[in-house]
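As stored in start-v3.csv (CSV, N, CA and C atoms):
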```csv
chain,number,residue,atom,x,y,z
A,28,MET,N,-50.5,-86.1,-25.1
A,28,MET,CA,-49.5,-86.8,-25.8
A,28,MET,C,-48.8,-87.8,-24.8
A,29,ILE,N,-48.5,-88.9,-25.2
A,29,ILE,CA,-48.0,-90.0,-24.4
A,29,ILE,C,-46.5,-89.8,-24.2
A,30,ASN,N,-46.0,-89.9,-23.0
A,30,ASN,CA,-44.6,-89.7,-22.7
A,30,ASN,C,-44.0,-91.1,-22.7
A,31,TYR,N,-43.5,-91.6,-23.8
A,31,TYR,CA,-42.9,-92.9,-23.9
A,31,TYR,C,-41.7,-93.1,-23.1
A,32,LEU,N,-40.9,-92.1,-22.9
A,32,LEU,CA,-39.7,-92.2,-22.1
A,32,LEU,C,-40.0,-92.6,-20.6
A,33,ASP,N,-41.0,-91.9,-20.0
A,33,ASP,CA,-41.4,-92.2,-18.7
A,33,ASP,C,-41.9,-93.6,-18.5
A,34,LEU,N,-42.8,-94.0,-19.5
A,34,LEU,CA,-43.4,-95.3,-19.4
A,34,LEU,C,-42.3,-96.4,-19.6
A,35,ALA,N,-41.4,-96.2,-20.6
A,35,ALA,CA,-40.4,-97.2,-20.8
A,35,ALA,C,-39.5,-97.4,-19.6
A,36,CYS,N,-39.1,-96.2,-19.0
A,36,CYS,CA,-38.3,-96.3,-17.8
A,36,CYS,C,-39.0,-97.0,-16.6
A,37,GLU,N,-40.3,-96.7,-16.5
A,37,GLU,CA,-41.0,-97.4,-15.4
A,37,GLU,C,-41.2,-98.9,-15.7
A,38,TYR,N,-41.4,-99.2,-17.0
A,38,TYR,CA,-41.5,-100.6,-17.4
A,38,TYR,C,-40.3,-101.4,-17.1
A,39,HIS,N,-39.1,-100.9,-17.4
A,39,HIS,CA,-37.9,-101.6,-17.2
A,39,HIS,C,-37.3,-101.3,-15.8
A,40,GLY,N,-37.8,-100.4,-15.0
A,40,GLY,CA,-37.3,-100.2,-13.7
A,40,GLY,C,-36.0,-99.4,-13.7
A,41,VAL,N,-35.8,-98.5,-14.6
A,41,VAL,CA,-34.6,-97.7,-14.6
A,41,VAL,C,-34.9,-96.3,-14.3
A,42,ASP,N,-33.8,-95.6,-13.8
A,42,ASP,CA,-33.9,-94.2,-13.5
A,42,ASP,C,-33.9,-93.3,-14.7
A,43,LYS,N,-34.8,-92.5,-14.9
A,43,LYS,CA,-34.9,-91.6,-16.1
A,43,LYS,C,-33.7,-90.8,-16.3
A,44,GLY,N,-33.1,-90.4,-15.2
A,44,GLY,CA,-31.9,-89.5,-15.2
A,44,GLY,C,-30.6,-90.2,-15.8
A,45,ARG,N,-30.7,-91.6,-15.8
A,45,ARG,CA,-29.5,-92.3,-16.4
A,45,ARG,C,-29.7,-92.6,-17.9
A,46,VAL,N,-30.8,-92.2,-18.5
A,46,VAL,CA,-31.0,-92.5,-19.9
A,46,VAL,C,-30.2,-91.5,-20.7
A,47,ILE,N,-29.4,-92.0,-21.6
A,47,ILE,CA,-28.5,-91.2,-22.4
A,47,ILE,C,-29.0,-91.0,-23.8
A,48,LYS,N,-29.9,-91.9,-24.3
A,48,LYS,CA,-30.5,-91.8,-25.6
A,48,LYS,C,-31.8,-92.6,-25.6
A,49,HIS,N,-32.8,-92.1,-26.3
A,49,HIS,CA,-34.1,-92.8,-26.4
A,49,HIS,C,-34.7,-92.4,-27.8
A,50,ARG,N,-35.4,-93.3,-28.3
A,50,ARG,CA,-36.1,-93.1,-29.6
A,50,ARG,C,-37.0,-94.2,-30.0
A,51,ALA,N,-38.0,-93.9,-30.9
A,51,ALA,CA,-38.8,-94.9,-31.5
A,51,ALA,C,-38.1,-95.5,-32.7
A,52,GLN,N,-38.1,-96.8,-32.9
A,52,GLN,CA,-37.4,-97.4,-34.0
A,52,GLN,C,-38.0,-98.7,-34.3
A,53,VAL,N,-37.5,-99.3,-35.4
A,53,VAL,CA,-37.9,-100.7,-35.7
A,53,VAL,C,-37.0,-101.6,-34.9
A,54,GLY,N,-37.6,-102.4,-34.1
A,54,GLY,CA,-36.8,-103.3,-33.2
A,54,GLY,C,-36.2,-104.5,-33.9
A,55,PRO,N,-35.4,-105.3,-33.2
A,55,PRO,CA,-34.7,-106.4,-33.7
A,55,PRO,C,-35.7,-107.5,-34.4
A,56,ASP,N,-36.9,-107.5,-33.9
A,56,ASP,CA,-37.8,-108.5,-34.4
A,56,ASP,C,-38.7,-107.9,-35.5
A,57,GLY,N,-38.4,-106.6,-35.9
A,57,GLY,CA,-39.2,-106.0,-37.0
A,57,GLY,C,-40.4,-105.2,-36.5
A,58,SER,N,-40.7,-105.2,-35.3
A,58,SER,CA,-41.8,-104.4,-34.8
A,58,SER,C,-41.4,-103.0,-34.4
A,59,ASP,N,-42.4,-102.1,-34.3
A,59,ASP,CA,-42.2,-100.8,-33.8
A,59,ASP,C,-41.9,-100.8,-32.3
A,60,ASP,N,-40.7,-100.4,-32.0
A,60,ASP,CA,-40.2,-100.4,-30.6
A,60,ASP,C,-39.8,-99.0,-30.1
A,61,TYR,N,-39.8,-98.8,-28.8
A,61,TYR,CA,-39.2,-97.7,-28.2
A,61,TYR,C,-37.9,-98.2,-27.5
A,62,SER,N,-36.8,-97.6,-27.8
A,62,SER,CA,-35.5,-98.0,-27.2
A,62,SER,C,-35.0,-96.9,-26.3
A,63,ILE,N,-34.4,-97.4,-25.2
A,63,ILE,CA,-33.6,-96.5,-24.3
A,63,ILE,C,-32.3,-97.1,-24.0
A,64,ILE,N,-31.3,-96.2,-24.0
A,64,ILE,CA,-29.9,-96.6,-23.6
A,64,ILE,C,-29.6,-96.0,-22.3
A,65,VAL,N,-29.2,-96.9,-21.3
A,65,VAL,CA,-29.1,-96.4,-19.9
A,65,VAL,C,-27.6,-96.5,-19.5
A,66,ASP,N,-27.1,-95.4,-18.9
A,66,ASP,CA,-25.7,-95.3,-18.5
A,66,ASP,C,-25.7,-95.9,-17.1
A,67,ASN,N,-25.0,-97.1,-17.0
A,67,ASN,CA,-24.8,-97.8,-15.7
A,67,ASN,C,-23.4,-97.7,-15.2
A,68,GLY,N,-22.7,-96.6,-15.7
A,68,GLY,CA,-21.3,-96.4,-15.2
A,68,GLY,C,-20.4,-97.5,-15.7
A,69,LYS,N,-19.6,-98.1,-14.8
A,69,LYS,CA,-18.7,-99.2,-15.1
A,69,LYS,C,-19.4,-100.4,-15.6
A,70,LEU,N,-20.7,-100.6,-15.3
A,70,LEU,CA,-21.4,-101.8,-15.7
A,70,LEU,C,-21.8,-101.7,-17.2
A,71,GLY,N,-21.6,-100.6,-17.8
A,71,GLY,CA,-21.9,-100.5,-19.2
A,71,GLY,C,-23.2,-99.7,-19.5
A,72,CYS,N,-23.6,-99.7,-20.8
A,72,CYS,CA,-24.8,-99.0,-21.2
A,72,CYS,C,-25.7,-99.9,-22.0
A,73,PRO,N,-26.5,-100.6,-21.2
A,73,PRO,CA,-27.4,-101.6,-21.9
A,73,PRO,C,-28.5,-100.8,-22.7
A,74,LYS,N,-29.1,-101.5,-23.7
A,74,LYS,CA,-30.1,-100.9,-24.5
A,74,LYS,C,-31.4,-101.8,-24.2
A,75,TYR,N,-32.5,-101.1,-23.9
A,75,TYR,CA,-33.7,-101.8,-23.6
A,75,TYR,C,-34.8,-101.4,-24.7
A,76,TYR,N,-35.6,-102.4,-25.0
A,76,TYR,CA,-36.7,-102.2,-26.0
A,76,TYR,C,-38.0,-102.5,-25.3
A,77,VAL,N,-39.0,-101.7,-25.8
A,77,VAL,CA,-40.4,-101.9,-25.4
A,77,VAL,C,-41.3,-101.7,-26.6
A,78,PRO,N,-42.1,-102.7,-26.9
A,78,PRO,CA,-43.0,-102.5,-28.1
A,78,PRO,C,-43.9,-101.2,-27.8
A,79,ILE,N,-44.0,-100.4,-28.8
A,79,ILE,CA,-44.8,-99.2,-28.7
A,79,ILE,C,-46.3,-99.5,-28.4
A,80,SER,N,-46.8,-100.6,-28.9
A,80,SER,CA,-48.1,-101.0,-28.6
A,80,SER,C,-48.3,-101.3,-27.1
A,81,LEU,N,-47.3,-101.8,-26.5
A,81,LEU,CA,-47.4,-102.1,-25.0
A,81,LEU,C,-47.4,-100.8,-24.3
A,82,LEU,N,-46.6,-99.8,-24.7
A,82,LEU,CA,-46.5,-98.5,-24.1
A,82,LEU,C,-47.9,-97.8,-24.2
A,83,ASP,N,-48.5,-97.9,-25.4
A,83,ASP,CA,-49.8,-97.3,-25.6
A,83,ASP,C,-50.9,-97.9,-24.6
A,84,GLU,N,-50.8,-99.3,-24.4
A,84,GLU,CA,-51.7,-99.9,-23.4
A,84,GLU,C,-51.4,-99.4,-22.0
A,85,LEU,N,-50.1,-99.3,-21.7
A,85,LEU,CA,-49.8,-98.8,-20.3
A,85,LEU,C,-50.3,-97.4,-20.1
A,86,ALA,N,-50.2,-96.6,-21.1
A,86,ALA,CA,-50.7,-95.2,-21.0
A,86,ALA,C,-52.2,-95.1,-20.8
A,87,ALA,N,-52.9,-96.0,-21.4
A,87,ALA,CA,-54.3,-96.1,-21.3
A,87,ALA,C,-54.8,-96.5,-19.9
A,88,GLN,N,-53.9,-97.3,-19.2
A,88,GLN,CA,-54.2,-97.8,-17.9
A,88,GLN,C,-53.9,-96.8,-16.8
A,89,VAL,N,-53.1,-95.7,-17.1
A,89,VAL,CA,-52.7,-94.8,-16.1
A,89,VAL,C,-54.0,-94.2,-15.4
A,90,LYS,N,-54.1,-94.3,-14.1
A,90,LYS,CA,-55.3,-93.8,-13.4
A,90,LYS,C,-55.2,-92.3,-13.2
A,91,ALA,N,-56.4,-91.7,-13.3
A,91,ALA,CA,-56.5,-90.2,-13.0
A,91,ALA,C,-56.3,-90.1,-11.4
A,92,PRO,N,-55.8,-88.9,-11.0
A,92,PRO,CA,-55.7,-88.7,-9.5
A,92,PRO,C,-57.1,-88.8,-8.9
A,93,PRO,N,-57.1,-89.3,-7.6
A,93,PRO,CA,-58.4,-89.4,-7.0
A,93,PRO,C,-59.1,-88.1,-6.8
A,94,VAL,N,-60.4,-88.1,-6.9
A,94,VAL,CA,-61.2,-86.9,-6.7
A,94,VAL,C,-61.6,-86.9,-5.3
A,95,VAL,N,-61.4,-85.8,-4.6
A,95,VAL,CA,-61.7,-85.7,-3.2
A,95,VAL,C,-63.0,-84.9,-3.0
A,96,ASP,N,-64.0,-85.6,-2.3
A,96,ASP,CA,-65.2,-84.9,-2.0
A,96,ASP,C,-65.0,-84.4,-0.5
A,97,GLU,N,-64.9,-83.1,-0.4
A,97,GLU,CA,-64.5,-82.6,0.9
A,97,GLU,C,-65.6,-82.7,2.0
A,98,SER,N,-66.8,-83.1,1.5
A,98,SER,CA,-67.9,-83.3,2.5
A,98,SER,C,-67.8,-84.7,3.2
A,99,LEU,N,-67.0,-85.6,2.6
A,99,LEU,CA,-66.8,-86.9,3.2
A,99,LEU,C,-65.4,-87.0,3.9
A,100,PRO,N,-65.3,-87.8,4.9
A,100,PRO,CA,-64.0,-88.0,5.5
A,100,PRO,C,-63.1,-88.8,4.5
A,101,VAL,N,-61.8,-88.6,4.6
A,101,VAL,CA,-60.9,-89.3,3.7
A,101,VAL,C,-60.8,-90.7,4.0
A,102,PRO,N,-61.0,-91.6,3.1
A,102,PRO,CA,-60.9,-93.1,3.3
A,102,PRO,C,-59.4,-93.4,3.7
A,103,ALA,N,-59.3,-94.6,4.3
A,103,ALA,CA,-57.9,-95.1,4.6
A,103,ALA,C,-57.1,-95.0,3.3
A,104,ALA,N,-55.9,-94.5,3.4
A,104,ALA,CA,-55.1,-94.3,2.3
A,104,ALA,C,-54.1,-95.4,2.0
A,105,VAL,N,-54.6,-96.6,2.2
A,105,VAL,CA,-53.8,-97.8,2.1
A,105,VAL,C,-53.5,-98.2,0.6
A,106,ASP,N,-54.6,-98.0,-0.2
A,106,ASP,CA,-54.5,-98.4,-1.6
A,106,ASP,C,-53.9,-97.4,-2.6
A,107,LEU,N,-53.4,-96.2,-2.1
A,107,LEU,CA,-52.9,-95.2,-2.9
A,107,LEU,C,-51.4,-95.3,-3.1
A,108,ASN,N,-50.9,-95.0,-4.3
A,108,ASN,CA,-49.4,-95.0,-4.4
A,108,ASN,C,-48.9,-93.7,-3.9
A,109,TYR,N,-47.6,-93.5,-3.8
A,109,TYR,CA,-47.0,-92.4,-3.2
A,109,TYR,C,-47.4,-91.1,-3.8
A,110,ARG,N,-47.4,-91.0,-5.2
A,110,ARG,CA,-47.8,-89.8,-5.8
A,110,ARG,C,-49.3,-89.4,-5.5
A,111,GLU,N,-50.2,-90.4,-5.4
A,111,GLU,CA,-51.5,-90.1,-5.1
A,111,GLU,C,-51.7,-89.6,-3.6
A,112,LEU,N,-50.8,-90.2,-2.8
A,112,LEU,CA,-50.8,-89.8,-1.4
A,112,LEU,C,-50.4,-88.3,-1.3
A,113,GLN,N,-49.4,-87.9,-2.0
A,113,GLN,CA,-48.9,-86.6,-2.0
A,113,GLN,C,-50.0,-85.6,-2.6
A,114,ASP,N,-50.6,-86.0,-3.7
A,114,ASP,CA,-51.6,-85.1,-4.2
A,114,ASP,C,-52.8,-84.9,-3.3
A,115,LEU,N,-53.2,-86.0,-2.6
A,115,LEU,CA,-54.3,-85.9,-1.6
A,115,LEU,C,-53.9,-85.0,-0.4
A,116,ALA,N,-52.7,-85.2,0.0
A,116,ALA,CA,-52.2,-84.4,1.2
A,116,ALA,C,-52.2,-82.9,0.8
A,117,LYS,N,-51.7,-82.6,-0.4
A,117,LYS,CA,-51.6,-81.2,-0.9
A,117,LYS,C,-53.0,-80.6,-0.9
A,118,GLU,N,-54.0,-81.4,-1.4
A,118,GLU,CA,-55.4,-80.9,-1.5
A,118,GLU,C,-56.0,-80.6,-0.1
A,119,LEU,N,-55.5,-81.3,0.9
A,119,LEU,CA,-56.1,-81.2,2.3
A,119,LEU,C,-55.2,-80.2,3.1
A,120,GLY,N,-54.1,-79.7,2.6
A,120,GLY,CA,-53.3,-78.8,3.3
A,120,GLY,C,-52.3,-79.5,4.3
A,121,ILE,N,-52.1,-80.7,4.0
A,121,ILE,CA,-51.1,-81.5,4.8
A,121,ILE,C,-49.8,-81.5,4.1
A,122,PRO,N,-48.6,-81.3,4.8
A,122,PRO,CA,-47.3,-81.3,4.2
A,122,PRO,C,-47.1,-82.6,3.4
A,123,ALA,N,-46.8,-82.5,2.1
A,123,ALA,CA,-46.7,-83.6,1.3
A,123,ALA,C,-45.3,-84.2,1.1
A,124,ASN,N,-44.3,-83.5,1.8
A,124,ASN,CA,-42.9,-83.9,1.7
A,124,ASN,C,-42.5,-84.9,2.8
A,125,GLN,N,-43.3,-85.9,3.0
A,125,GLN,CA,-43.1,-86.9,4.0
A,125,GLN,C,-43.0,-88.3,3.4
A,126,LYS,N,-42.5,-89.2,4.1
A,126,LYS,CA,-42.4,-90.6,3.7
A,126,LYS,C,-43.9,-91.1,3.5
A,127,ALA,N,-44.0,-92.2,2.7
A,127,ALA,CA,-45.3,-92.7,2.4
A,127,ALA,C,-46.1,-93.1,3.7
A,128,ASP,N,-45.4,-93.8,4.6
A,128,ASP,CA,-46.0,-94.3,5.8
A,128,ASP,C,-46.5,-93.1,6.6
A,129,GLU,N,-45.6,-92.0,6.7
A,129,GLU,CA,-46.0,-90.8,7.5
A,129,GLU,C,-47.2,-90.1,6.8
A,130,LEU,N,-47.2,-90.1,5.5
A,130,LEU,CA,-48.4,-89.5,4.8
A,130,LEU,C,-49.7,-90.2,5.1
A,131,ARG,N,-49.6,-91.6,5.1
A,131,ARG,CA,-50.8,-92.4,5.5
A,131,ARG,C,-51.3,-92.1,6.9
A,132,VAL,N,-50.3,-92.0,7.8
A,132,VAL,CA,-50.7,-91.6,9.2
A,132,VAL,C,-51.3,-90.3,9.3
A,133,ALA,N,-50.7,-89.3,8.6
A,133,ALA,CA,-51.3,-87.9,8.6
A,133,ALA,C,-52.6,-87.9,8.0
A,134,LEU,N,-52.9,-88.6,6.9
A,134,LEU,CA,-54.2,-88.6,6.2
A,134,LEU,C,-55.2,-89.3,7.1
A,135,ASP,N,-54.8,-90.4,7.8
A,135,ASP,CA,-55.7,-91.1,8.7
A,135,ASP,C,-56.1,-90.2,9.9
A,136,SER,N,-55.1,-89.5,10.4
A,136,SER,CA,-55.4,-88.5,11.5
A,136,SER,C,-56.3,-87.4,11.1
A,137,TRP,N,-56.1,-86.9,9.9
A,137,TRP,CA,-57.0,-85.8,9.3
A,137,TRP,C,-58.4,-86.4,9.2
A,138,SER,N,-58.5,-87.6,8.8
A,138,SER,CA,-59.8,-88.3,8.6
A,138,SER,C,-60.5,-88.4,9.9
A,139,LEU,N,-59.8,-88.9,11.0
A,139,LEU,CA,-60.4,-89.0,12.3
A,139,LEU,C,-60.8,-87.7,12.9
A,140,GLU,N,-59.9,-86.7,12.7
A,140,GLU,CA,-60.3,-85.3,13.2
A,140,GLU,C,-61.5,-84.8,12.5
A,141,SER,N,-61.7,-85.0,11.3
A,141,SER,CA,-62.9,-84.5,10.6
A,141,SER,C,-64.1,-85.3,11.1
A,142,LEU,N,-64.0,-86.6,11.4
A,142,LEU,CA,-65.1,-87.3,12.0
A,142,LEU,C,-65.5,-86.7,13.3
A,143,ASP,N,-64.5,-86.4,14.2
A,143,ASP,CA,-64.8,-85.8,15.5
A,143,ASP,C,-65.5,-84.5,15.4
A,144,GLU,N,-65.1,-83.7,14.4
A,144,GLU,CA,-65.7,-82.4,14.3
A,144,GLU,C,-67.2,-82.5,13.9
A,145,GLU,N,-67.5,-83.5,13.1
A,145,GLU,CA,-68.9,-83.7,12.7
A,145,GLU,C,-69.8,-84.1,13.8
A,146,GLU,N,-69.3,-84.8,14.8
A,146,GLU,CA,-70.1,-85.3,15.9
A,146,GLU,C,-70.3,-84.3,16.9
```
Output the file's structure in the form of structure tokens.
Amino acid sequence: MINYLDLACEYHGVDKGRVIKHRAQVGPDGSDDYSIIVDNGKLGCPKYYVPISLLDELAAQVKAPPVVDESLPVPAAVDLNYRELQDLAKELGIPANQKADELRVALDSWSLESLDEEE
């Protein structure tokens, strides 16, 4: 099942914890939209719309987590987002509660160590 709330928050760049109301509805232009109302404190509570068809496209584009072949050294983790870095670190037994740059260094070090062990 598609989580429209997460996708809409990511699309508009808002924090999911600030959403006070969300629902699928007919938008102002007559299309099927997903709306979220965000509490911005003194700045007000703006309402954001996203076409449901766009959210369906975004859900289809979500990548699966990388598959790790333990027989190969870990490639440079430059192209991975933070969540993918954490998942990879957890699979390899590296503490995943680090900053993204620290995770990249730890994964690169693990990769270099595994190459040294093979030689």
Atom C of Leu115 of chain A to atom CA of Leu134 of chain A, distance in Å rounded to a single decimal | 7.5 Å
Shell of 10 Å around Asp83 of chain A, only C-alpha atoms, local chain residues under 6 positions omitted, as number ranges by chain | A: 29-31, 34
Those same residues - N, CA and C atoms - I'd like them written as a short mmCIF file (atom, residue, chain, number, x, y, z; two decimals), keeping the file's coordinate frame.
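Saved as result.cif:
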```
data_model
loop_
_atom_site.label_atom_id
_atom_site.label_comp_id
_atom_site.auth_asym_id
_atom_site.auth_seq_id
_atom_site.Cartn_x
_atom_site.Cartn_y
_atom_site.Cartn_z
N ILE A 29 -48.50 -88.90 -25.20
CA ILE A 29 -48.00 -90.00 -24.40
C ILE A 29 -46.50 -89.80 -24.20
N ASN A 30 -46.00 -89.90 -23.00
CA ASN A 30 -44.60 -89.70 -22.70
C ASN A 30 -44.00 -91.10 -22.70
N TYR A 31 -43.50 -91.60 -23.80
CA TYR A 31 -42.90 -92.90 -23.90
C TYR A 31 -41.70 -93.10 -23.10
N LEU A 34 -42.80 -94.00 -19.50
CA LEU A 34 -43.40 -95.30 -19.40
C LEU A 34 -42.30 -96.40 -19.60
#
```
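Pairwise distance (atom C of Ala133 of chain A, atom C of Gln113 of chain A) equals 11.2 Å.
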Could you check how far atom CA of Asp128 of chain A sits from atom CA of Gly40 of chain A, in Å to one decimal?
-> 22.2 Å
